[in-house]
>>> print(open('protein23.txt').read())   # compact mmCIF, C-alpha atoms
# COMPACT_ATOMS: atom_id res chain seq x y z
CA MET A 18 -7.60 -9.38 11.56
CA GLY A 19 -8.30 -11.62 14.50
CA LEU A 20 -11.24 -10.91 16.80
CA GLY A 21 -11.44 -7.26 15.84
CA ASP A 22 -14.22 -5.16 14.38
CA ASN A 23 -15.68 -7.52 11.80
CA SER A 24 -17.78 -4.76 10.23
CA ALA A 25 -14.71 -3.10 8.75
CA VAL A 26 -14.11 -5.93 6.31
CA ALA A 27 -17.53 -5.81 4.68
CA ASP A 28 -16.40 -4.09 1.50
CA GLU A 29 -12.75 -5.15 1.42
CA GLU A 30 -11.01 -7.91 -0.48
CA VAL A 31 -10.71 -10.78 1.98
CA ARG A 32 -8.93 -14.10 2.30
CA GLU A 33 -10.94 -17.10 3.44
CA PRO A 34 -9.70 -18.89 6.59
CA SER A 35 -9.65 -22.65 6.93
CA HIS A 36 -13.08 -24.26 6.98
CA ALA A 37 -12.79 -25.35 10.61
CA THR A 38 -11.59 -21.99 11.88
CA GLY A 39 -14.11 -20.07 9.79
CA ALA A 40 -17.03 -22.22 10.98
CA ALA A 41 -16.01 -21.92 14.64
CA ALA A 42 -15.67 -18.13 14.33
CA LEU A 43 -19.04 -17.80 12.62
CA ARG A 44 -20.75 -19.88 15.30
CA ALA A 45 -19.34 -17.47 17.88
CA GLY A 46 -20.61 -14.49 15.90
CA TRP A 47 -17.26 -13.31 14.51
CA SER A 48 -15.90 -12.90 11.02
CA HIS A 49 -12.45 -14.47 10.80
CA ARG A 50 -11.84 -13.48 7.19
CA HIS A 51 -8.68 -11.49 6.57
CA ARG A 52 -8.22 -8.50 4.33
CA ASP A 53 -5.56 -8.60 1.61
CA VAL A 54 -2.39 -7.15 3.17
CA SER A 55 -0.07 -7.97 0.26
CA GLY A 56 0.02 -4.30 -0.73
CA GLY A 57 -1.00 -4.80 -4.34
CA TRP A 58 -3.48 -1.91 -4.50
CA LEU A 59 -4.08 -0.32 -1.08
CA ARG A 60 -0.67 1.26 -0.57
CA PRO A 61 -0.34 2.89 -4.04
CA THR A 62 -3.99 4.01 -3.95
CA VAL A 63 -3.74 5.67 -0.55
CA PHE A 64 -0.30 7.10 -1.23
CA GLY A 65 -1.31 8.35 -4.67
CA ALA A 66 -4.52 10.02 -3.50
CA VAL A 67 -2.89 11.74 -0.53
CA ASP A 68 0.12 12.79 -2.58
CA GLY A 69 -2.07 14.23 -5.34
CA LEU A 70 -4.26 16.09 -2.87
CA VAL A 71 -1.46 17.56 -0.77
CA THR A 72 0.84 18.30 -3.71
CA ASN A 73 -1.73 20.14 -5.81
CA ALA A 74 -3.32 21.92 -2.84
CA SER A 75 0.11 23.13 -1.77
CA LEU A 76 0.97 24.20 -5.30
CA ILE A 77 -2.30 26.08 -5.70
CA ALA A 78 -1.80 27.71 -2.30
CA GLY A 79 1.72 28.72 -3.25
CA VAL A 80 0.89 30.31 -6.60
CA GLY A 81 -2.39 31.71 -5.26
CA GLY A 82 -0.58 33.26 -2.33
CA GLY A 83 1.84 34.81 -4.78
CA GLY A 84 -1.01 36.81 -6.31
CA VAL A 85 -1.17 35.27 -9.78
CA SER A 86 -4.34 35.24 -11.87
CA SER A 87 -7.01 32.56 -11.60
CA HIS A 88 -6.09 31.37 -15.09
CA ALA A 89 -2.50 30.82 -13.95
CA VAL A 90 -3.73 28.89 -10.91
CA VAL A 91 -5.84 26.57 -13.08
CA LEU A 92 -3.06 26.10 -15.62
CA THR A 93 -0.57 25.30 -12.90
CA GLY A 94 -2.94 22.90 -11.16
CA VAL A 95 -3.89 21.00 -14.31
CA ALA A 96 -0.26 20.72 -15.43
CA ALA A 97 0.71 19.41 -11.99
CA LEU A 98 -2.16 16.91 -12.05
CA VAL A 99 -1.16 15.43 -15.41
CA ALA A 100 2.58 15.43 -14.75
CA GLY A 101 2.26 14.10 -11.24
CA ALA A 102 -0.20 11.35 -12.17
CA PHE A 103 2.02 9.92 -14.88
CA SER A 104 5.10 10.31 -12.71
CA MET A 105 3.45 8.46 -9.84
CA GLY A 106 2.02 5.76 -12.11
CA THR A 107 5.23 5.00 -13.96
CA GLY A 108 7.30 5.26 -10.79
CA GLU A 109 5.07 2.78 -8.96
CA TYR A 110 5.04 0.41 -11.95
CA ILE A 111 8.83 0.44 -12.23
CA SER A 112 9.30 0.10 -8.47
CA VAL A 113 7.02 -2.93 -8.17
CA THR A 114 8.48 -4.49 -11.35
CA ASN A 115 12.04 -4.14 -10.04
CA GLN A 116 11.06 -5.55 -6.66
CA ASN A 117 9.34 -8.54 -8.27
CA GLU A 118 12.34 -9.17 -10.52
CA LEU A 119 14.61 -9.14 -7.48
CA VAL A 120 12.38 -11.66 -5.70
CA GLN A 121 12.21 -13.86 -8.80
CA ALA A 122 15.99 -13.82 -9.11
CA GLU A 123 16.34 -14.94 -5.50
CA VAL A 124 13.71 -17.63 -6.02
CA ALA A 125 15.65 -18.89 -9.04
CA LEU A 126 18.79 -19.07 -6.90
CA GLU A 127 16.90 -21.00 -4.22
CA GLN A 128 15.59 -23.35 -6.90
CA LYS A 129 19.15 -24.10 -8.03
CA MET A 130 20.14 -24.81 -4.43
CA HIS A 131 17.26 -27.30 -4.14
CA ALA A 132 18.39 -29.07 -7.30
CA ARG A 133 22.07 -29.27 -6.29
CA PHE A 134 21.81 -29.81 -2.53
CA PRO A 135 18.44 -31.48 -1.83
CA ALA A 136 19.55 -33.13 1.41
CA ALA A 137 20.90 -29.89 2.86
CA GLU A 138 17.75 -28.02 1.87
CA GLN A 139 15.58 -30.69 3.46
CA ALA A 140 17.61 -30.49 6.66
CA GLU A 141 17.19 -26.73 6.63
CA LEU A 142 13.45 -27.21 6.23
CA ALA A 143 13.42 -29.47 9.29
CA GLU A 144 15.14 -26.71 11.26
CA TYR A 145 12.37 -24.30 10.30
CA PHE A 146 9.73 -26.71 11.61
CA GLN A 147 11.68 -27.20 14.83
CA GLY A 148 11.74 -23.44 15.21
CA TYR A 149 7.95 -23.49 15.14
CA GLY A 150 7.85 -25.96 18.03
CA ALA A 151 7.97 -29.43 16.42
CA ASP A 152 10.28 -32.01 17.99
CA GLN A 153 13.21 -33.21 15.91
CA GLU A 154 11.64 -36.47 14.77
CA THR A 155 8.39 -34.80 13.76
CA ALA A 156 10.24 -31.95 12.05
CA VAL A 157 12.29 -34.44 9.98
CA ARG A 158 9.13 -36.27 8.88
CA MET A 159 7.41 -33.01 8.00
CA ALA A 160 10.42 -31.84 5.99
CA ALA A 161 10.53 -35.14 4.11
CA ALA A 162 6.81 -34.92 3.34
CA VAL A 163 7.02 -31.33 2.14
CA SER A 164 10.12 -32.06 0.05
CA GLN A 165 8.14 -34.61 -1.96
CA ASP A 166 6.66 -31.63 -3.79
CA PRO A 167 9.54 -29.39 -5.00
CA GLY A 168 7.17 -26.48 -5.60
CA THR A 169 5.83 -26.54 -2.05
CA ALA A 170 9.32 -26.93 -0.59
CA LEU A 171 10.55 -23.98 -2.63
CA ARG A 172 7.60 -21.87 -1.52
CA VAL A 173 8.21 -22.64 2.16
CA HIS A 174 11.92 -21.86 1.85
CA THR A 175 11.18 -18.60 0.06
CA ARG A 176 8.72 -17.52 2.72
CA GLU A 177 11.19 -18.26 5.48
CA GLU A 178 14.28 -16.76 3.86
CA LEU A 179 12.85 -13.84 1.88
CA GLY A 180 9.67 -13.13 3.81
CA VAL A 181 7.54 -13.18 0.64
CA ASP A 182 5.35 -15.65 -1.20
CA PRO A 183 6.50 -15.87 -4.85
CA ALA A 184 2.98 -16.90 -5.87
CA GLU A 185 1.43 -13.74 -4.44
CA LEU A 186 3.62 -10.91 -5.70
CA PRO A 187 1.84 -7.59 -6.34
CA SER A 188 0.95 -6.70 -9.92
CA PRO A 189 2.96 -3.77 -11.36
CA VAL A 190 0.03 -2.88 -13.64
CA VAL A 191 -2.44 -2.77 -10.75
CA ALA A 192 -0.06 -0.79 -8.57
CA GLY A 193 0.85 1.68 -11.32
CA GLY A 194 -2.74 2.12 -12.49
CA ALA A 195 -4.05 2.56 -8.95
CA SER A 196 -1.39 5.17 -8.23
CA LEU A 197 -2.06 7.11 -11.44
CA VAL A 198 -5.83 7.20 -10.99
CA ALA A 199 -5.65 7.94 -7.26
CA PHE A 200 -3.18 10.81 -7.75
CA SER A 201 -5.39 12.30 -10.47
CA LEU A 202 -8.48 12.20 -8.28
CA GLY A 203 -6.64 13.62 -5.31
CA ALA A 204 -5.06 16.41 -7.34
CA LEU A 205 -8.41 17.28 -8.91
CA ILE A 206 -10.11 18.11 -5.60
CA PRO A 207 -8.40 21.46 -4.84
CA LEU A 208 -8.98 22.49 -8.46
CA LEU A 209 -12.74 21.97 -8.36
CA PRO A 210 -13.74 25.45 -7.12
CA TYR A 211 -11.69 27.11 -9.86
CA LEU A 212 -13.01 24.75 -12.55
CA PHE A 213 -16.59 25.59 -11.52
CA GLY A 214 -15.97 29.34 -11.61
CA LEU A 215 -15.39 29.98 -7.89
CA HIS A 216 -11.97 31.62 -8.13
CA VAL A 217 -11.39 31.85 -4.39
CA LEU A 218 -8.29 30.33 -2.83
CA LEU A 219 -10.04 29.88 0.50
CA ALA A 220 -12.67 27.67 -1.16
CA ALA A 221 -9.95 25.44 -2.63
CA LEU A 222 -8.25 25.15 0.75
CA GLY A 223 -11.55 24.44 2.48
CA ILE A 224 -12.48 21.55 0.20
CA THR A 225 -8.93 20.25 0.55
CA ALA A 226 -9.24 20.24 4.34
CA VAL A 227 -12.50 18.28 4.14
CA ALA A 228 -10.93 15.78 1.72
CA LEU A 229 -7.87 15.31 3.94
CA LEU A 230 -10.04 14.69 6.97
CA ALA A 231 -12.33 12.29 5.10
CA GLY A 232 -9.40 10.49 3.48
CA GLY A 233 -7.61 10.01 6.79
CA MET A 234 -10.80 8.70 8.40
CA THR A 235 -11.30 6.25 5.54
CA VAL A 236 -7.77 4.92 5.93
CA GLY A 237 -8.36 4.62 9.66
CA ARG A 238 -11.43 2.51 8.99
CA LEU A 239 -9.56 0.30 6.52
CA THR A 240 -6.67 -0.30 8.91
CA GLY A 241 -8.76 -0.63 12.07
CA ARG A 242 -7.21 2.45 13.69
CA PRO A 243 -9.18 5.19 15.52
CA VAL A 244 -11.10 6.92 12.75
CA VAL A 245 -11.13 10.48 14.10
CA ARG A 246 -7.48 10.37 15.11
CA SER A 247 -6.49 9.13 11.66
CA GLY A 248 -8.48 11.91 10.00
CA LEU A 249 -7.02 14.64 12.20
CA ARG A 250 -3.50 13.33 11.69
CA GLN A 251 -3.91 13.46 7.92
CA LEU A 252 -5.39 16.95 8.14
CA ALA A 253 -2.51 18.17 10.29
CA PHE A 254 0.23 16.84 8.01
CA GLY A 255 -1.47 18.18 4.90
CA GLY A 256 -2.16 21.51 6.58
CA VAL A 257 1.51 21.99 7.42
CA ALA A 258 2.55 21.38 3.80
CA VAL A 259 -0.12 23.71 2.41
CA GLY A 260 0.59 26.41 5.00
CA ILE A 261 4.33 26.49 4.43
CA THR A 262 3.91 26.59 0.64
CA TYR A 263 1.40 29.43 0.94
CA ILE A 264 3.82 31.44 3.09
CA VAL A 265 6.67 30.90 0.65
CA GLY A 266 4.48 31.88 -2.31
CA SER A 267 3.23 34.99 -0.52
CA LEU A 268 6.75 36.12 0.34
CA ILE A 269 7.98 35.65 -3.20
CA GLY A 270 4.92 37.36 -4.67
CA ARG A 271 5.20 40.29 -2.27
CA HIS A 272 8.92 40.88 -2.63
CA GLY A 273 9.30 39.85 -6.27
CA PHE A 274 12.21 37.48 -5.84
>>> encode(input="protein23.txt", output="structure tokens")
Amino acid sequence: MGLGDNSAVADEEVREPSHATGAAALRAGWSHRHRDVSGGWLRPTVFGAVDGLVTNASLIAGVGGGGVSSHAVVLTGVAALVAGAFSMGTGEYISVTNQNELVQAEVALEQKMHARFPAAEQAELAEYFQGYGADQETAVRMAAAVSQDPGTALRVHTREELGVDPAELPSPVVAGGASLVAFSLGALIPLLPYLFGLHVLLAALGITAVALLAGGMTVGRLTGRPVVRSGLRQLAFGGVAVGITYIVGSLIGRHGF
């Protein structure tokens, strides 16, 4: 986040800039610290919470629209919460694990190339530096200096060729846990009125609408996008899913398919 709204990073995990850049920014009254964009926790948390909220709200709207009893609504909602949470958690864990294993396999291949063809890899490194604007002589010296440390050279090559930093891969446990917990919390929201004895479908849909709006606004704040627009967008997408499911449930309940 360059010279954007520095208030949005107050509660987020941040990365420190270089001392010189950070000091210059602070003297000018700006925060130059960057939020963590590696995707280790934010993506599965947001995706899990929204998925749990929309999925369970839609399910409750569908079975509620079909005219089933309040007990059936609660049973369906709780079963969906548990099943969906573990499905999301394990799916996210496996997905991130597989992605990390793929990256590690490619890093191992790159490491073998460095061991067998060091001169060619150093020349390739010089080409990268030239691509960033260094003249040929400077690029060759930079490549030679970097190649003195095989770990640094490998890291630079991996960043350039794979677009990832092998030292900063997301944690499968964090991603899976965040997804499981977030889905559970999201799926719990539309169930709350029924769990507290208010067996009214409209109340469940109302609290879902508020949660969708608030969730979208929170994501907008985290990403630096317009807050109201983000909230309304989330509300619209969730509303379409809930509305269609309610219509389908009502038709089936009315006609007894």
>>> closest_residue(input="protein23.txt", among="A:Gly81, A:Pro183, A:Pro167, A:Leu205", to="A:Ala132", atoms="only C-alpha atoms")
A:Pro167
>>> closest_residue(input="protein23.txt", among="A:Ala125, A:Ala96, A:Met159, A:Leu197", to="A:Asp68", atoms="all atoms listed in the file")
A:Leu197
>>> residues_around(input="protein23.txt", residues="A:Leu171", least_positions_apart="6", cutoff="12 Å", atoms="all atoms listed in the file", output="list in words")
Gln121, Glu123, Val124, Ala125, Leu126, Glu127, Gln128, Lys129, Met130, His131, Ala132, Pro135, Glu138, Gln139, Glu141, Leu142, Ala160, Val163, Ser164, Gln165, Glu177, Glu178, Leu179, Val181, Asp182, Pro183 and Ala184 of chain A
>>> closest_residue(input="protein23.txt", among="A:Gly148, A:Gly79, A:Pro207, A:Gly232", to="A:Ala220", atoms="only C-alpha atoms")
A:Pro207
>>> atom_distance(input="protein23.txt", atom1="atom CA of A:Pro187", atom2="atom CA of A:Leu252")
29.4 Å
>>> residues_around(input="protein23.txt", residues="stretch 264-269 of chain A", least_positions_apart="4", cutoff="10 Å", atoms="only C-alpha atoms", output="list in words")
Ser75, Leu76, Ile77, Ala78, Gly79, Val80, Gly81, Gly82, Gly83, Gly84, Val85, Val259, Gly260, Gly273 and Phe274 of chain A
>>> closest_residue(input="protein23.txt", among="A:Phe200, A:Phe254, A:Tyr110, A:Phe64", to="A:Leu98", atoms="all atoms listed in the file")
A:Phe200
>>> atom_distance(input="protein23.txt", atom1="atom CA of A:Thr107", atom2="atom CA of A:Ile224")
28.1 Å
>>> residues_around(input="protein23.txt", residues="A:Leu208", least_positions_apart="3", cutoff="7 Å", atoms="all atoms listed in the file", output="list in words")
Val91, Gly94, Leu205, Tyr211, Leu212 and Ala221 of chain A
>>> atom_distance(input="protein23.txt", atom1="atom CA of A:Pro189", atom2="atom CA of A:Gly108")
10.0 Å
>>> residues_around(input="protein23.txt", residues="A:Ser112", least_positions_apart="6", cutoff="12 Å", atoms="all atoms listed in the file", output="PDB file with C-alpha atoms, keeping the file's coordinate frame")
ATOM      1  CA  PRO A  61      -0.340   2.890  -4.040  1.00  0.00           C
ATOM      2  CA  SER A 104       5.100  10.310 -12.710  1.00  0.00           C
ATOM      3  CA  MET A 105       3.450   8.460  -9.840  1.00  0.00           C
ATOM      4  CA  GLY A 106       2.020   5.760 -12.110  1.00  0.00           C
ATOM      5  CA  GLU A 118      12.340  -9.170 -10.520  1.00  0.00           C
ATOM      6  CA  LEU A 119      14.610  -9.140  -7.480  1.00  0.00           C
ATOM      7  CA  PRO A 187       1.840  -7.590  -6.340  1.00  0.00           C
ATOM      8  CA  SER A 188       0.950  -6.700  -9.920  1.00  0.00           C
ATOM      9  CA  PRO A 189       2.960  -3.770 -11.360  1.00  0.00           C
ATOM     10  CA  VAL A 190       0.030  -2.880 -13.640  1.00  0.00           C
ATOM     11  CA  ALA A 192      -0.060  -0.790  -8.570  1.00  0.00           C
ATOM     12  CA  GLY A 193       0.850   1.680 -11.320  1.00  0.00           C
ATOM     13  CA  SER A 196      -1.390   5.170  -8.230  1.00  0.00           C
TER      14      SER A 196
END
>>> closest_residue(input="protein23.txt", among="A:Thr175, A:Ser201, A:Ala162, A:Phe134", to="A:Ala122", atoms="all atoms listed in the file")
A:Thr175
>>> closest_residue(input="protein23.txt", among="A:Ala136, A:Ile111, A:Leu59, A:Leu92", to="A:Asn73", atoms="only C-alpha atoms")
A:Leu92
>>> axis_aligned_box(input="protein23.txt", around="stretch 169-174 of chain A", padding_each_side="8 Å", output="AutoDock Vina command-line options")
--center_x 8.9 --center_y -24.4 --center_z -0.2 --size_x 22.1 --size_y 21.1 --size_z 20.8
>>> residues_near_point(input="protein23.txt", point="(9.2, -33.0, 10.2)", cutoff="10 Å", atoms="only C-alpha atoms", output="ChimeraX atom specification")
/A:139-140,142-147,151-163
>>> residues_near_point(input="protein23.txt", point="(-11.3, 12.3, 11.1)", cutoff="8 Å", atoms="only C-alpha atoms", output="list in words")
Leu230, Ala231, Gly233, Met234, Val244, Val245, Arg246, Ser247, Gly248, Leu249 and Arg250 of chain A
>>> decode(input="protein23.txt", residues="stretch 72-193 of chain A", atoms="C-alpha atoms", output="PDB file, in the first residue's frame")
ATOM      1  CA  THR A  72     -24.679 -21.394   1.980  1.00  0.00           C
ATOM      2  CA  ASN A  73     -26.526 -21.824   5.256  1.00  0.00           C
ATOM      3  CA  ALA A  74     -28.787 -18.810   4.728  1.00  0.00           C
ATOM      4  CA  SER A  75     -29.743 -20.176   1.316  1.00  0.00           C
ATOM      5  CA  LEU A  76     -30.304 -23.650   2.733  1.00  0.00           C
ATOM      6  CA  ILE A  77     -32.461 -22.332   5.560  1.00  0.00           C
ATOM      7  CA  ALA A  78     -34.410 -20.181   3.095  1.00  0.00           C
ATOM      8  CA  GLY A  79     -34.925 -23.172   0.836  1.00  0.00           C
ATOM      9  CA  VAL A  80     -36.196 -25.583   3.480  1.00  0.00           C
ATOM     10  CA  GLY A  81     -38.077 -22.805   5.287  1.00  0.00           C
ATOM     11  CA  GLY A  82     -39.759 -21.796   2.050  1.00  0.00           C
ATOM     12  CA  GLY A  83     -40.752 -25.400   1.563  1.00  0.00           C
ATOM     13  CA  GLY A  84     -42.854 -25.242   4.731  1.00  0.00           C
ATOM     14  CA  VAL A  85     -40.941 -27.658   6.965  1.00  0.00           C
ATOM     15  CA  SER A  86     -41.008 -27.434  10.754  1.00  0.00           C
ATOM     16  CA  SER A  87     -38.672 -25.231  12.767  1.00  0.00           C
ATOM     17  CA  HIS A  88     -36.995 -28.355  14.139  1.00  0.00           C
ATOM     18  CA  ALA A  89     -36.210 -29.483  10.591  1.00  0.00           C
ATOM     19  CA  VAL A  90     -34.784 -26.046   9.788  1.00  0.00           C
ATOM     20  CA  VAL A  91     -32.464 -26.161  12.810  1.00  0.00           C
ATOM     21  CA  LEU A  92     -31.416 -29.741  12.118  1.00  0.00           C
ATOM     22  CA  THR A  93     -30.671 -28.928   8.499  1.00  0.00           C
ATOM     23  CA  GLY A  94     -28.755 -25.778   9.398  1.00  0.00           C
ATOM     24  CA  VAL A  95     -26.618 -27.419  12.072  1.00  0.00           C
ATOM     25  CA  ALA A  96     -25.824 -30.397   9.846  1.00  0.00           C
ATOM     26  CA  ALA A  97     -24.828 -28.046   7.023  1.00  0.00           C
ATOM     27  CA  LEU A  98     -22.653 -26.007   9.393  1.00  0.00           C
ATOM     28  CA  VAL A  99     -20.695 -29.029  10.629  1.00  0.00           C
ATOM     29  CA  ALA A 100     -20.380 -30.721   7.245  1.00  0.00           C
ATOM     30  CA  GLY A 101     -19.511 -27.533   5.420  1.00  0.00           C
ATOM     31  CA  ALA A 102     -16.944 -26.392   7.989  1.00  0.00           C
ATOM     32  CA  PHE A 103     -14.984 -29.629   7.853  1.00  0.00           C
ATOM     33  CA  SER A 104     -15.294 -29.792   4.083  1.00  0.00           C
ATOM     34  CA  MET A 105     -13.969 -26.251   3.715  1.00  0.00           C
ATOM     35  CA  GLY A 106     -11.194 -26.780   6.260  1.00  0.00           C
ATOM     36  CA  THR A 107      -9.887 -30.022   4.814  1.00  0.00           C
ATOM     37  CA  GLY A 108     -10.292 -28.772   1.251  1.00  0.00           C
ATOM     38  CA  GLU A 109      -8.291 -25.624   1.981  1.00  0.00           C
ATOM     39  CA  TYR A 110      -5.612 -27.607   3.829  1.00  0.00           C
ATOM     40  CA  ILE A 111      -5.202 -30.066   0.963  1.00  0.00           C
ATOM     41  CA  SER A 112      -5.254 -27.321  -1.658  1.00  0.00           C
ATOM     42  CA  VAL A 113      -2.535 -25.263   0.034  1.00  0.00           C
ATOM     43  CA  THR A 114      -0.471 -28.392   0.794  1.00  0.00           C
ATOM     44  CA  ASN A 115      -0.593 -29.511  -2.843  1.00  0.00           C
ATOM     45  CA  GLN A 116       0.301 -26.035  -4.065  1.00  0.00           C
ATOM     46  CA  ASN A 117       3.261 -25.835  -1.672  1.00  0.00           C
ATOM     47  CA  GLU A 118       4.462 -29.285  -2.720  1.00  0.00           C
ATOM     48  CA  LEU A 119       4.321 -28.225  -6.357  1.00  0.00           C
ATOM     49  CA  VAL A 120       6.365 -25.111  -5.606  1.00  0.00           C
ATOM     50  CA  GLN A 121       8.877 -27.116  -3.578  1.00  0.00           C
ATOM     51  CA  ALA A 122       9.275 -29.602  -6.418  1.00  0.00           C
ATOM     52  CA  GLU A 123       9.999 -26.774  -8.845  1.00  0.00           C
ATOM     53  CA  VAL A 124      12.439 -25.209  -6.384  1.00  0.00           C
ATOM     54  CA  ALA A 125      14.240 -28.553  -6.102  1.00  0.00           C
ATOM     55  CA  LEU A 126      14.498 -28.683  -9.901  1.00  0.00           C
ATOM     56  CA  GLU A 127      15.896 -25.148  -9.962  1.00  0.00           C
ATOM     57  CA  GLN A 128      18.388 -26.127  -7.267  1.00  0.00           C
ATOM     58  CA  LYS A 129      19.639 -29.002  -9.432  1.00  0.00           C
ATOM     59  CA  MET A 130      20.028 -26.629 -12.369  1.00  0.00           C
ATOM     60  CA  HIS A 131      22.144 -24.312 -10.205  1.00  0.00           C
ATOM     61  CA  ALA A 132      24.378 -27.205  -9.190  1.00  0.00           C
ATOM     62  CA  ARG A 133      24.854 -28.545 -12.730  1.00  0.00           C
ATOM     63  CA  PHE A 134      24.924 -25.334 -14.766  1.00  0.00           C
ATOM     64  CA  PRO A 135      26.134 -22.530 -12.463  1.00  0.00           C
ATOM     65  CA  ALA A 136      27.509 -20.352 -15.272  1.00  0.00           C
ATOM     66  CA  ALA A 137      24.281 -20.510 -17.271  1.00  0.00           C
ATOM     67  CA  GLU A 138      22.210 -19.726 -14.189  1.00  0.00           C
ATOM     68  CA  GLN A 139      24.441 -16.765 -13.361  1.00  0.00           C
ATOM     69  CA  ALA A 140      24.081 -15.465 -16.906  1.00  0.00           C
ATOM     70  CA  GLU A 141      20.328 -15.826 -16.610  1.00  0.00           C
ATOM     71  CA  LEU A 142      20.457 -13.868 -13.372  1.00  0.00           C
ATOM     72  CA  ALA A 143      22.328 -11.067 -15.146  1.00  0.00           C
ATOM     73  CA  GLU A 144      19.556 -10.957 -17.749  1.00  0.00           C
ATOM     74  CA  TYR A 145      16.994 -10.452 -14.991  1.00  0.00           C
ATOM     75  CA  PHE A 146      18.940  -7.481 -13.629  1.00  0.00           C
ATOM     76  CA  GLN A 147      19.259  -6.008 -17.114  1.00  0.00           C
ATOM     77  CA  GLY A 148      15.516  -6.329 -17.450  1.00  0.00           C
ATOM     78  CA  TYR A 149      15.166  -4.138 -14.370  1.00  0.00           C
ATOM     79  CA  GLY A 150      17.260  -1.412 -15.981  1.00  0.00           C
ATOM     80  CA  ALA A 151      20.885  -2.215 -15.061  1.00  0.00           C
ATOM     81  CA  ASP A 152      23.501  -1.926 -17.814  1.00  0.00           C
ATOM     82  CA  GLN A 153      25.231  -5.118 -18.893  1.00  0.00           C
ATOM     83  CA  GLU A 154      28.424  -4.588 -16.902  1.00  0.00           C
ATOM     84  CA  THR A 155      26.550  -3.727 -13.720  1.00  0.00           C
ATOM     85  CA  ALA A 156      24.125  -6.619 -14.220  1.00  0.00           C
ATOM     86  CA  VAL A 157      27.037  -9.078 -14.582  1.00  0.00           C
ATOM     87  CA  ARG A 158      28.639  -7.801 -11.365  1.00  0.00           C
ATOM     88  CA  MET A 159      25.339  -7.986  -9.509  1.00  0.00           C
ATOM     89  CA  ALA A 160      24.738 -11.537 -10.732  1.00  0.00           C
ATOM     90  CA  ALA A 161      28.225 -12.578  -9.641  1.00  0.00           C
ATOM     91  CA  ALA A 162      27.699 -11.031  -6.207  1.00  0.00           C
ATOM     92  CA  VAL A 163      24.317 -12.667  -5.712  1.00  0.00           C
ATOM     93  CA  SER A 164      25.613 -16.035  -6.923  1.00  0.00           C
ATOM     94  CA  GLN A 165      28.151 -16.060  -4.097  1.00  0.00           C
ATOM     95  CA  ASP A 166      25.264 -17.097  -1.863  1.00  0.00           C
ATOM     96  CA  PRO A 167      23.499 -20.107  -3.472  1.00  0.00           C
ATOM     97  CA  GLY A 168      20.440 -19.645  -1.265  1.00  0.00           C
ATOM     98  CA  THR A 169      19.951 -16.031  -2.320  1.00  0.00           C
ATOM     99  CA  ALA A 170      20.535 -16.872  -5.977  1.00  0.00           C
ATOM    100  CA  LEU A 171      17.981 -19.675  -5.793  1.00  0.00           C
ATOM    101  CA  ARG A 172      15.464 -17.382  -4.124  1.00  0.00           C
ATOM    102  CA  VAL A 173      15.859 -14.711  -6.809  1.00  0.00           C
ATOM    103  CA  HIS A 174      15.514 -17.266  -9.608  1.00  0.00           C
ATOM    104  CA  THR A 175      12.429 -18.757  -7.993  1.00  0.00           C
ATOM    105  CA  ARG A 176      10.791 -15.367  -7.629  1.00  0.00           C
ATOM    106  CA  GLU A 177      11.467 -14.521 -11.255  1.00  0.00           C
ATOM    107  CA  GLU A 178      10.497 -17.862 -12.781  1.00  0.00           C
ATOM    108  CA  LEU A 179       7.687 -19.044 -10.488  1.00  0.00           C
ATOM    109  CA  GLY A 180       6.430 -15.747  -9.111  1.00  0.00           C
ATOM    110  CA  VAL A 181       6.625 -16.988  -5.513  1.00  0.00           C
ATOM    111  CA  ASP A 182       9.039 -16.773  -2.614  1.00  0.00           C
ATOM    112  CA  PRO A 183       9.799 -20.309  -1.344  1.00  0.00           C
ATOM    113  CA  ALA A 184      10.567 -18.872   2.097  1.00  0.00           C
ATOM    114  CA  GLU A 185       7.116 -17.320   2.431  1.00  0.00           C
ATOM    115  CA  LEU A 186       4.698 -20.050   1.398  1.00  0.00           C
ATOM    116  CA  PRO A 187       1.309 -20.023   3.156  1.00  0.00           C
ATOM    117  CA  SER A 188       0.748 -22.475   5.993  1.00  0.00           C
ATOM    118  CA  PRO A 189      -1.769 -25.257   5.211  1.00  0.00           C
ATOM    119  CA  VAL A 190      -2.690 -25.474   8.901  1.00  0.00           C
ATOM    120  CA  VAL A 191      -3.395 -21.746   9.150  1.00  0.00           C
ATOM    121  CA  ALA A 192      -5.355 -21.732   5.901  1.00  0.00           C
ATOM    122  CA  GLY A 193      -7.383 -24.832   6.792  1.00  0.00           C
TER     123      GLY A 193
END
